[in-house]
Amino acid sequence: MAAAMRGVAFIRNIVGSLHLRLQILGGASQQLSCLHTSISLDSKHWEKNNLKVYPPQLLDEPRRPAEVYHSRRQIKYSKDKMWYLAKMIRGMSIDEAIAQLEFNDKKGAKIMKEVLLEAQEMAVKNHNVEYKSNLYVAESFSGKGKYLKRIRYHGRGMFGIMDKVYCHYFVKLVEGLPPKPEQMTSFDQAKDYVQSLKNRTIIHSL
Amino acid sequence: MKRMIFSVLVHNLRCSLLRIENRLLQITGLDAQLAPSLAVNGPSLLPRIDQDSQHDEEQTTSLLDSILWMAAPKKRRTIEVNRTRRRDERKFEKVKYNIEPCPECGHLKQNYILCGFCYAKVCRETALIRQQIKEMEGGPLRAPTMETVVLYEGETPSEQDREKRIVERPRKRPAWFSH
């Protein structure tokens, strides 16, 4: 019974990975993207993004920028504290991000800097990135890792369950210059406000 | 954990309230639980000879009086409220604009602060000099009452170094250590 279950899970894994590869080779048909294939606890989905292979580009297509996905798992740090650092470096060029993390006093900053340097090296070695400075942080976020539980003793024979927190850190580097966030001028904001007032309509009217 | 202590306090409150209720009922004479009792005119306070309850009541009343009841949250803070507090702009990590490259080694450094790499380099050489001095002295509290001068390979003590202790280092003088 257990062997049969394991066999079924094994087959499902193979089917899932084959499915993914066929999707990639078939040019990513949009219909199957909404299907939610099962994800077990140990699946490293973020790293699998690196295995995605696009079909060769045509001459008139604009050059697709290289993307590198990297992560570190089970970092002994809080995901909430890590989030602040991840938020800081979002959208920065990689040199800027590494400089900021070097002079930040938090524990997570040192770990994040190591991850960024690893990702940069990976980009140059495996992902056909020409210049290691020509990268920017497209996505950066933290996730909850598997916690260990311990007992915290209180007075009067009471106890609480203490969580030893761990977190994951994910980063995506893309080749090219970092995109500039659009600056809204005050005139444009006023124009948008007036337009929103003009768009108001009476519902169920003639 | 907080819920457990809260439940204990709630239990205490409940006991005290029950006792107050009983007392009130006795005063008004509405409780008919006492069967064998003296027939007394009018309502009267029956003094209970129960010492335990008195003792407990004193304790609970004093607890209530002294702490003026514990502060406790009235409602659960919603995730929206929590998010707006945690993601407020002043809680973000501030970006530093005072980072520049060190002119000596090329590593990054902060303005008006020593470069970490150059400082480590100096620390290493200083440690070796200190080791040399330790060997020369041979024990604690044996420092001579004169100045010390560090000389590298191919250097002779000058006229100023006549009355100074000389520490020799068997290597070329580093570029950052001027004579």
# chains A, B, ... in the order shown; residues from 1 in each chain; ligands from 1
$ residues_around --residues "B:Arg169" --least-positions-apart "3" --cutoff "7 Å" --atoms "only C-alpha atoms" --output "list of chain:residue names"
B:Leu151, B:Tyr152, B:Glu153
$ write_last_selection --atoms "N, CA and C atoms" --output "PDB file, in the first residue's frame"
ATOM      1  N   LEU B 151      62.103  49.709  12.582  1.00  0.00           N
ATOM      2  CA  LEU B 151      62.966  49.807  11.395  1.00  0.00           C
ATOM      3  C   LEU B 151      62.790  48.568  10.541  1.00  0.00           C
ATOM      4  N   TYR B 152      62.762  48.779   9.235  1.00  0.00           N
ATOM      5  CA  TYR B 152      62.609  47.662   8.307  1.00  0.00           C
ATOM      6  C   TYR B 152      63.949  47.350   7.659  1.00  0.00           C
ATOM      7  N   GLU B 153      63.943  46.436   6.692  1.00  0.00           N
ATOM      8  CA  GLU B 153      65.207  45.973   6.068  1.00  0.00           C
ATOM      9  C   GLU B 153      65.950  47.126   5.410  1.00  0.00           C
TER      10      GLU B 153
END
$ select_by_dssp --residues "stretch 19-203 of chain A" --states "strand (DSSP E or B)" --output "VMD selection string"
chain A and resid 67 to 75 93 135 to 144 148 to 153 159 to 164 167 to 175
$ interface_residues --of "chain B" --to "chain A" --cutoff "7 Å" --atoms "only C-alpha atoms" --output "number ranges by chain"
B: 1, 92-93, 95-96
$ write_last_selection --atoms "N, CA, C and O atoms" --output "PDB file, in the first residue's frame"
ATOM      1  N   MET B   1       0.236  31.524  26.074  1.00  0.00           N
ATOM      2  CA  MET B   1       0.742  31.694  27.463  1.00  0.00           C
ATOM      3  C   MET B   1      -0.023  32.811  28.156  1.00  0.00           C
ATOM      4  O   MET B   1      -0.488  32.662  29.260  1.00  0.00           O
ATOM      5  N   PHE B  92      11.170  51.639   7.219  1.00  0.00           N
ATOM      6  CA  PHE B  92      12.013  51.055   6.177  1.00  0.00           C
ATOM      7  C   PHE B  92      13.471  51.281   6.497  1.00  0.00           C
ATOM      8  O   PHE B  92      13.829  52.166   7.262  1.00  0.00           O
ATOM      9  N   GLU B  93      14.340  50.488   5.855  1.00  0.00           N
ATOM     10  CA  GLU B  93      15.780  50.674   5.971  1.00  0.00           C
ATOM     11  C   GLU B  93      16.158  51.886   5.130  1.00  0.00           C
ATOM     12  O   GLU B  93      15.779  51.996   3.969  1.00  0.00           O
ATOM     13  N   VAL B  95      18.390  54.260   2.853  1.00  0.00           N
ATOM     14  CA  VAL B  95      19.469  54.067   1.882  1.00  0.00           C
ATOM     15  C   VAL B  95      20.585  55.055   2.215  1.00  0.00           C
ATOM     16  O   VAL B  95      20.332  56.219   2.485  1.00  0.00           O
ATOM     17  N   LYS B  96      21.857  54.540   2.182  1.00  0.00           N
ATOM     18  CA  LYS B  96      22.982  55.400   2.546  1.00  0.00           C
ATOM     19  C   LYS B  96      23.541  56.044   1.283  1.00  0.00           C
ATOM     20  O   LYS B  96      23.842  55.352   0.311  1.00  0.00           O
TER      21      LYS B  96
END
$ residues_around --residues "stretch 119-124 of chain B" --least-positions-apart "3" --cutoff "12 Å" --atoms "only C-alpha atoms" --output "list in words"
Cys102, Glu104, Cys105, His107, Lys109, Ile113, Leu114, Cys115, Gly116, Ala127, Leu128, Ile129, Arg130, Gln131, Pro174, Ala175, Trp176 and Phe177 of chain B
$ atom_distance --atom1 "atom CA of A:Ser133" --atom2 "atom CA of B:Asn111"
23.0 Å
